[in-house]
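A.B. asks: Please see the structure below; I have some questions.
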Amino acid sequence: MKNVTELPMNAKSAYKPVRKAVFPVAGMGTRFLPATKVMPKEMLPLVDRPLIQHAFEEAREAGIEEFIFVTGRSKEMLEEHFDYQPELEQALEARGKHDMLRKVRTSEMPEGKLYLTRQARALGLGHAIWCARKLVGNEPFAIMLPDDVVLSRRGCLSQMVEAYNETGGNLVAVMDVPRAETNKYGILDVEKDDGKIAVIKGLVEKPAPEEAPSTLSIIGRYILQPEIFEKLAAFEKGAGGEIQLTDAMAKLLGSQPFHGLRFEGRRYDCGSRLGFIEANIAFSMRDPEIGAQVQNIVRRFADELANSEEVPLEARR
Ligand code: G1P
């Protein structure tokens, strides 16, 4: 057998497995005010589970063993959500509500596997990730942005871990966006693209449509090597005056492999009201318990819209 050090950088065994995931959850959620005045935006429910639980379950399915939350002021509810709640479980047990008990247990963190660090100032995503450096240590790790939710048969991160086992290095989940929207995303400059995996030669955070090197954008799932922390430590400000993760990744290009995975599935931007509503419709239409009824509701709305000239917008206010 070859010595690992003789293997090329992208060979399977040259990289350690991904065991840890970082969840940046310190953000304020201003786009959902007043709903997020007291409640963290990551607690907004997508069907029956808060956004943070969707991200947690996706990470757990992908084999993640340690869950690192980069949290901040007024975010305690996020940790508590994953606690074991003996009174609740006993009450459900006593009433014979076994289905509900099973659901509650899906939100329990494996013992001793939740790690917390804090981002005291909102200096950007790159800064939030840098705050987790000690907890990540010297091994590759995943990043999950809970605002981005992917509806797919297999979890997006599982698909990434499988691809990472082939590519090694650094891997981001990517999708094509309309050119007019490149200024909302990290955008790839692509060297080679086989339709599934893109080899990245450049990365730009939120370029104007006319300057974007492509329309292939990063969504909130990353697998990165720990060397990223050395680049983040420079604390350089980029787009929007923030310390950007994309800029630190761009500095690693050339020294480590960088790939984009066109994942199978559909991504919803639950950081915006429209994306959040769309995700709730898409997920609930597929819910095993209420899916059929939701589909009927959607059909009824579609009929109503088709048959009426106008829907009054101010009905509720
Ligand atoms: C962040 C990243 C951006 C990425 C996006 C995906 O931006 O900086 O590169 O494309 O997440 O959702 P944000 O949405 O936090 O502004």
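Ordering of the structure tokens sets the chain letters (A, B, ...), residue numbers begin anew at 1 in every chain, and ligands are numbered from 1 in the order given.
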Enumerate as a list in words the residues within 9 Å of ligand 1, counting only C-alpha atoms and all ligand atoms.
C.D. replies: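 Checking only C-alpha atoms and all ligand atoms against ligand 1 at 9 Å gives Gly124, Leu125, Gly126, Leu145, Asp147, Asp148, Val174, Thr182, Lys184, Tyr185, Gly186, Ile187, Leu203, Val204, Glu205, Lys206, Ser217, Ile218, Ile219, Gly220, Arg221, Ala239, Gln244, Leu245, Thr246, Asp247, Asp269 and Gly271 of chain A.
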A.B. asks: Would you output that residue set with N, CA and C atoms, as a JSON list (two decimals), in the first residue's frame?
C.D. replies:
```
[["chain", "number", "residue", "atom", "x", "y", "z"],
["A", 124, "GLY", "N", -19.90, 39.41, 10.45],
["A", 124, "GLY", "CA", -19.99, 38.68, 9.18],
["A", 124, "GLY", "C", -19.86, 37.17, 9.37],
["A", 125, "LEU", "N", -20.23, 36.45, 8.30],
["A", 125, "LEU", "CA", -20.21, 34.98, 8.36],
["A", 125, "LEU", "C", -18.80, 34.44, 8.61],
["A", 126, "GLY", "N", -17.81, 35.05, 7.96],
["A", 126, "GLY", "CA", -16.42, 34.60, 8.14],
["A", 126, "GLY", "C", -16.00, 34.72, 9.60],
["A", 145, "LEU", "N", -25.80, 26.55, 7.10],
["A", 145, "LEU", "CA", -26.53, 27.79, 7.36],
["A", 145, "LEU", "C", -28.02, 27.42, 7.44],
["A", 147, "ASP", "N", -30.71, 28.98, 7.47],
["A", 147, "ASP", "CA", -31.63, 29.70, 6.58],
["A", 147, "ASP", "C", -31.85, 28.97, 5.27],
["A", 148, "ASP", "N", -30.83, 28.25, 4.83],
["A", 148, "ASP", "CA", -30.92, 27.52, 3.57],
["A", 148, "ASP", "C", -31.42, 26.12, 3.87],
["A", 174, "VAL", "N", -23.62, 23.95, -4.69],
["A", 174, "VAL", "CA", -23.86, 25.06, -5.62],
["A", 174, "VAL", "C", -25.14, 24.85, -6.43],
["A", 182, "THR", "N", -26.97, 37.52, -8.75],
["A", 182, "THR", "CA", -25.62, 37.14, -8.31],
["A", 182, "THR", "C", -25.16, 37.98, -7.11],
["A", 184, "LYS", "N", -26.50, 38.45, -4.46],
["A", 184, "LYS", "CA", -26.97, 37.92, -3.17],
["A", 184, "LYS", "C", -26.14, 36.73, -2.69],
["A", 185, "TYR", "N", -25.18, 36.28, -3.54],
["A", 185, "TYR", "CA", -24.50, 35.00, -3.25],
["A", 185, "TYR", "C", -22.99, 35.08, -3.44],
["A", 186, "GLY", "N", -22.32, 34.04, -2.94],
["A", 186, "GLY", "CA", -20.94, 33.79, -3.31],
["A", 186, "GLY", "C", -20.96, 33.09, -4.67],
["A", 187, "ILE", "N", -20.20, 33.61, -5.63],
["A", 187, "ILE", "CA", -20.28, 33.10, -7.01],
["A", 187, "ILE", "C", -18.95, 32.46, -7.43],
["A", 203, "LEU", "N", -13.49, 32.69, -6.63],
["A", 203, "LEU", "CA", -14.71, 32.87, -5.83],
["A", 203, "LEU", "C", -14.89, 34.35, -5.55],
["A", 204, "VAL", "N", -16.10, 34.86, -5.76],
["A", 204, "VAL", "CA", -16.37, 36.27, -5.49],
["A", 204, "VAL", "C", -17.65, 36.38, -4.67],
["A", 205, "GLU", "N", -17.61, 37.19, -3.62],
["A", 205, "GLU", "CA", -18.80, 37.37, -2.79],
["A", 205, "GLU", "C", -19.67, 38.49, -3.35],
["A", 206, "LYS", "N", -20.92, 38.14, -3.63],
["A", 206, "LYS", "CA", -21.95, 39.08, -4.05],
["A", 206, "LYS", "C", -21.53, 40.05, -5.17],
["A", 217, "SER", "N", -23.86, 29.60, -7.91],
["A", 217, "SER", "CA", -23.74, 30.25, -6.60],
["A", 217, "SER", "C", -23.63, 29.22, -5.48],
["A", 218, "ILE", "N", -22.98, 29.67, -4.40],
["A", 218, "ILE", "CA", -22.84, 28.83, -3.21],
["A", 218, "ILE", "C", -24.14, 28.89, -2.42],
["A", 219, "ILE", "N", -24.61, 27.74, -1.96],
["A", 219, "ILE", "CA", -25.69, 27.79, -0.97],
["A", 219, "ILE", "C", -25.11, 27.36, 0.37],
["A", 220, "GLY", "N", -25.88, 27.48, 1.43],
["A", 220, "GLY", "CA", -25.32, 27.39, 2.78],
["A", 220, "GLY", "C", -24.89, 26.02, 3.27],
["A", 221, "ARG", "N", -24.10, 25.30, 2.48],
["A", 221, "ARG", "CA", -23.52, 24.02, 2.91],
["A", 221, "ARG", "C", -22.07, 23.98, 2.43],
["A", 239, "ALA", "N", -17.22, 42.34, 0.95],
["A", 239, "ALA", "CA", -18.54, 42.85, 0.53],
["A", 239, "ALA", "C", -19.37, 43.26, 1.75],
["A", 244, "GLN", "N", -15.92, 38.13, 5.25],
["A", 244, "GLN", "CA", -16.64, 37.16, 4.42],
["A", 244, "GLN", "C", -15.94, 35.82, 4.38],
["A", 245, "LEU", "N", -16.70, 34.76, 4.53],
["A", 245, "LEU", "CA", -16.16, 33.41, 4.41],
["A", 245, "LEU", "C", -15.64, 33.17, 2.99],
["A", 246, "THR", "N", -16.41, 33.66, 2.00],
["A", 246, "THR", "CA", -16.02, 33.46, 0.60],
["A", 246, "THR", "C", -14.63, 34.02, 0.32],
["A", 247, "ASP", "N", -14.32, 35.18, 0.88],
["A", 247, "ASP", "CA", -13.00, 35.79, 0.64],
["A", 247, "ASP", "C", -11.89, 34.92, 1.22],
["A", 269, "ASP", "N", -34.73, 29.64, 0.33],
["A", 269, "ASP", "CA", -34.11, 30.67, 1.15],
["A", 269, "ASP", "C", -35.07, 31.05, 2.27],
["A", 271, "GLY", "N", -34.43, 32.58, 4.83],
["A", 271, "GLY", "CA", -34.05, 33.85, 5.44],
["A", 271, "GLY", "C", -34.90, 34.99, 4.88]]
```
A.B. asks: To test your reading of the structure, identify every residue in range 50-249 of chain A that backbone DSSP assigns to strand (DSSP E), and report it as JSON, numbers by chain.
C.D. replies: {"A": [50, 66, 67, 68, 69, 70, 71, 114, 115, 116, 117, 118, 141, 142, 143, 144, 148, 149, 150, 151, 170, 171, 172, 173, 174, 175, 176, 186, 187, 188, 189, 190, 191, 192, 193, 197, 198, 199, 200, 201, 202, 203, 204, 205, 216, 217, 218, 219, 220, 221, 222, 223, 224]}
A.B. asks: Can you pull out every residue within 9 Å of Val136 in chain A, counting only C-alpha atoms, but drop anything in the same chain fewer than 5 positions away, and send it as a PyMOL selection string?
C.D. replies: chain A and resi 20-22+68+141+226
A.B. asks: Using only N, CA and C atoms, please write the residues we just selected to a file, as a JSON list (two decimals), in the first residue's frame.
C.D. replies:
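Resulting contents of result_18.json:
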```json
[["chain", "number", "residue", "atom", "x", "y", "z"],
["A", 20, "LYS", "N", -17.54, 16.98, 12.33],
["A", 20, "LYS", "CA", -18.07, 18.13, 13.06],
["A", 20, "LYS", "C", -18.81, 19.08, 12.10],
["A", 21, "ALA", "N", -19.83, 19.72, 12.62],
["A", 21, "ALA", "CA", -20.52, 20.73, 11.81],
["A", 21, "ALA", "C", -20.72, 22.00, 12.63],
["A", 22, "VAL", "N", -20.52, 23.11, 11.98],
["A", 22, "VAL", "CA", -20.69, 24.43, 12.62],
["A", 22, "VAL", "C", -21.99, 25.05, 12.10],
["A", 68, "ILE", "N", -21.69, 22.18, 16.57],
["A", 68, "ILE", "CA", -21.11, 23.39, 17.15],
["A", 68, "ILE", "C", -21.99, 24.59, 16.78],
["A", 141, "PHE", "N", -14.37, 20.15, 8.48],
["A", 141, "PHE", "CA", -15.66, 20.34, 9.15],
["A", 141, "PHE", "C", -16.69, 20.83, 8.14],
["A", 226, "PRO", "N", -9.30, 22.80, 7.82],
["A", 226, "PRO", "CA", -9.07, 23.72, 8.94],
["A", 226, "PRO", "C", -8.14, 24.90, 8.60]]
```
A.B. asks: Which is closer to Gly240 in chain A than all the others in A:Ile297, A:Leu123, A:Ile277, A:Leu151, using only C-alpha atoms?
C.D. replies: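 The closest residue to Gly240 in chain A is A:Leu123.
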A.B. asks: Fewer than 4 positions away in the same chain doesn't count, so skip those; otherwise give me all residues within 12 Å of Thr71 in chain A, counting only C-alpha atoms, as an MDAnalysis selection string.
C.D. replies: chainID A and resid 22:28 40 42 52 75:79 114:122 128:129 131:132
A.B. asks: Save the residues we just selected, N, CA, C and O atoms, as a compact mmCIF listing (two decimals), in the first residue's frame?
C.D. replies:
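Saved to selection26.txt:
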```txt
# COMPACT_ATOMS: atom_id res chain seq x y z
N VAL A 22 -20.52 23.11 11.98
CA VAL A 22 -20.69 24.43 12.62
C VAL A 22 -21.99 25.05 12.10
O VAL A 22 -22.24 25.06 10.90
N PHE A 23 -22.79 25.53 13.04
CA PHE A 23 -24.06 26.18 12.71
C PHE A 23 -24.00 27.64 13.16
O PHE A 23 -24.10 27.90 14.37
N PRO A 24 -23.80 28.58 12.25
CA PRO A 24 -23.80 29.99 12.68
C PRO A 24 -25.24 30.44 12.95
O PRO A 24 -26.06 30.45 12.04
N VAL A 25 -25.54 30.77 14.20
CA VAL A 25 -26.92 31.11 14.56
C VAL A 25 -27.01 32.40 15.38
O VAL A 25 -27.96 32.60 16.13
N ALA A 26 -26.02 33.28 15.21
CA ALA A 26 -26.04 34.50 16.01
C ALA A 26 -26.83 35.64 15.35
O ALA A 26 -27.13 36.64 15.99
N GLY A 27 -27.20 35.45 14.08
CA GLY A 27 -27.84 36.54 13.32
C GLY A 27 -29.16 37.01 13.91
O GLY A 27 -29.86 36.25 14.59
N MET A 28 -29.52 38.26 13.63
CA MET A 28 -30.67 38.89 14.28
C MET A 28 -32.03 38.55 13.68
O MET A 28 -33.05 38.63 14.36
N PRO A 40 -35.61 33.52 18.34
CA PRO A 40 -34.59 33.44 17.28
C PRO A 40 -35.22 33.02 15.95
O PRO A 40 -36.14 32.20 15.93
N GLU A 42 -34.10 31.13 13.80
CA GLU A 42 -33.89 29.69 13.54
C GLU A 42 -34.95 28.83 14.21
O GLU A 42 -35.00 27.63 13.99
N ILE A 52 -33.72 25.24 12.72
CA ILE A 52 -32.46 24.71 13.26
C ILE A 52 -32.51 23.18 13.35
O ILE A 52 -31.50 22.50 13.15
N LYS A 75 -30.35 33.94 22.27
CA LYS A 75 -30.48 32.74 21.44
C LYS A 75 -30.55 31.45 22.27
O LYS A 75 -30.39 30.36 21.73
N GLU A 76 -30.79 31.60 23.58
CA GLU A 76 -30.75 30.42 24.47
C GLU A 76 -31.78 29.35 24.08
O GLU A 76 -31.59 28.16 24.29
N MET A 77 -32.88 29.82 23.49
CA MET A 77 -33.95 28.89 23.11
C MET A 77 -33.42 27.79 22.16
O MET A 77 -33.91 26.67 22.17
N LEU A 78 -32.41 28.14 21.37
CA LEU A 78 -31.88 27.17 20.40
C LEU A 78 -31.21 25.99 21.10
O LEU A 78 -31.33 24.84 20.67
N GLU A 79 -30.49 26.28 22.19
CA GLU A 79 -29.85 25.18 22.93
C GLU A 79 -30.92 24.35 23.64
O GLU A 79 -30.88 23.13 23.63
N LEU A 114 -23.27 18.62 21.90
CA LEU A 114 -23.55 20.00 21.49
C LEU A 114 -22.50 20.92 22.11
O LEU A 114 -22.29 20.91 23.32
N TYR A 115 -21.84 21.68 21.26
CA TYR A 115 -20.80 22.61 21.73
C TYR A 115 -21.23 24.02 21.36
O TYR A 115 -21.74 24.25 20.27
N LEU A 116 -20.99 24.93 22.28
CA LEU A 116 -21.44 26.30 22.06
C LEU A 116 -20.28 27.28 22.13
O LEU A 116 -19.41 27.16 22.99
N THR A 117 -20.30 28.22 21.21
CA THR A 117 -19.38 29.34 21.32
C THR A 117 -20.19 30.57 20.94
O THR A 117 -21.30 30.44 20.44
N ARG A 118 -19.65 31.74 21.21
CA ARG A 118 -20.46 32.93 20.97
C ARG A 118 -19.76 33.90 20.03
O ARG A 118 -18.54 34.05 20.07
N GLN A 119 -20.58 34.52 19.21
CA GLN A 119 -20.09 35.61 18.37
C GLN A 119 -20.67 36.88 18.98
O GLN A 119 -21.87 37.12 18.89
N ALA A 120 -19.79 37.65 19.61
CA ALA A 120 -20.31 38.80 20.36
C ALA A 120 -20.73 39.95 19.46
O ALA A 120 -21.66 40.68 19.76
N ARG A 121 -20.02 40.11 18.34
CA ARG A 121 -20.36 41.21 17.44
C ARG A 121 -20.68 40.67 16.06
O ARG A 121 -20.01 39.74 15.59
N ALA A 122 -21.66 41.25 15.40
CA ALA A 122 -22.08 40.78 14.08
C ALA A 122 -21.13 41.30 13.01
O ALA A 122 -21.42 42.29 12.34
N ALA A 128 -18.06 34.67 12.19
CA ALA A 128 -18.81 33.67 12.96
C ALA A 128 -18.08 32.33 12.92
O ALA A 128 -17.92 31.66 13.94
N ILE A 129 -17.62 31.95 11.74
CA ILE A 129 -16.92 30.65 11.60
C ILE A 129 -15.60 30.68 12.37
O ILE A 129 -15.24 29.73 13.06
N CYS A 131 -15.00 32.19 15.02
CA CYS A 131 -15.30 32.03 16.46
C CYS A 131 -15.34 30.55 16.87
O CYS A 131 -15.22 30.24 18.06
N ALA A 132 -15.48 29.64 15.92
CA ALA A 132 -15.58 28.20 16.25
C ALA A 132 -14.24 27.48 16.12
O ALA A 132 -14.18 26.26 16.26
```
A.B. asks: I want to know what sits within 12 Å of Glu87 in chain A, based on only C-alpha atoms, with residues of the same chain fewer than 6 positions away left out; could you give that as a list in words?
C.D. replies: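 Counting only the stated atoms, we get Glu93, Ala94 and Leu101 of chain A.
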A.B. asks: From the set A:Glu162, A:Glu65, A:Glu111, A:Asp99, which residue has the shortest atom-to-atom contact distance to Ile223 in chain A, counting only C-alpha atoms?
C.D. replies: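 Distance minimum relative to Ile223 in chain A lands on A:Glu162.
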A.B. asks: Which value, in Å to one decimal, gives the distance between CA of Leu253 in chain A and CA of Arg60 in chain A?
C.D. replies: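 Computing it gives 28.8 Å between the two atoms.
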A.B. asks: Need to verify the contact set: Ser158 in chain A, 12 Å, only C-alpha atoms, exclusion of same-chain residues closer than 5 positions in sequence. Can you return it as a list in words?
C.D. replies: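 Residues near the query, excluding close chain neighbours: Val18, Ala55, Glu57, Glu58, Ala59, Arg60, Glu61, Ala62, Gly63, Ile64, Ala142, Val150, Ser152, Arg153, Ala163, Tyr164, Asn165, Ala173, Arg221, Tyr222, Ile223, Leu261, Phe263 and Glu264 of chain A.
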A.B. asks: Would you pick out the contacts of Val190 in chain A at 6 Å or less, using only C-alpha atoms, so that residues sharing its chain but fewer than 6 positions from it are not included, and give the list as a compact mmCIF listing (two decimals) with N, CA and C atoms, in the first residue's frame?
C.D. replies:
```txt
# COMPACT_ATOMS: atom_id res chain seq x y z
N VAL A 199 -14.91 22.30 -10.90
CA VAL A 199 -13.60 22.64 -10.33
C VAL A 199 -13.52 24.16 -10.27
N ILE A 200 -13.25 24.68 -9.07
CA ILE A 200 -13.33 26.13 -8.86
C ILE A 200 -11.96 26.78 -9.03
N LYS A 201 -11.90 27.86 -9.81
CA LYS A 201 -10.63 28.59 -9.90
C LYS A 201 -10.73 29.98 -9.29
```
A.B. asks: Return the single residue from A:Lys97, A:Phe301, A:Thr36, A:Val149 that is closest to Gly275 in chain A, with distances computed using only C-alpha atoms.
C.D. replies: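 Going through A:Lys97, A:Phe301, A:Thr36, A:Val149 one by one, the smallest distance to Gly275 in chain A is for A:Val149.
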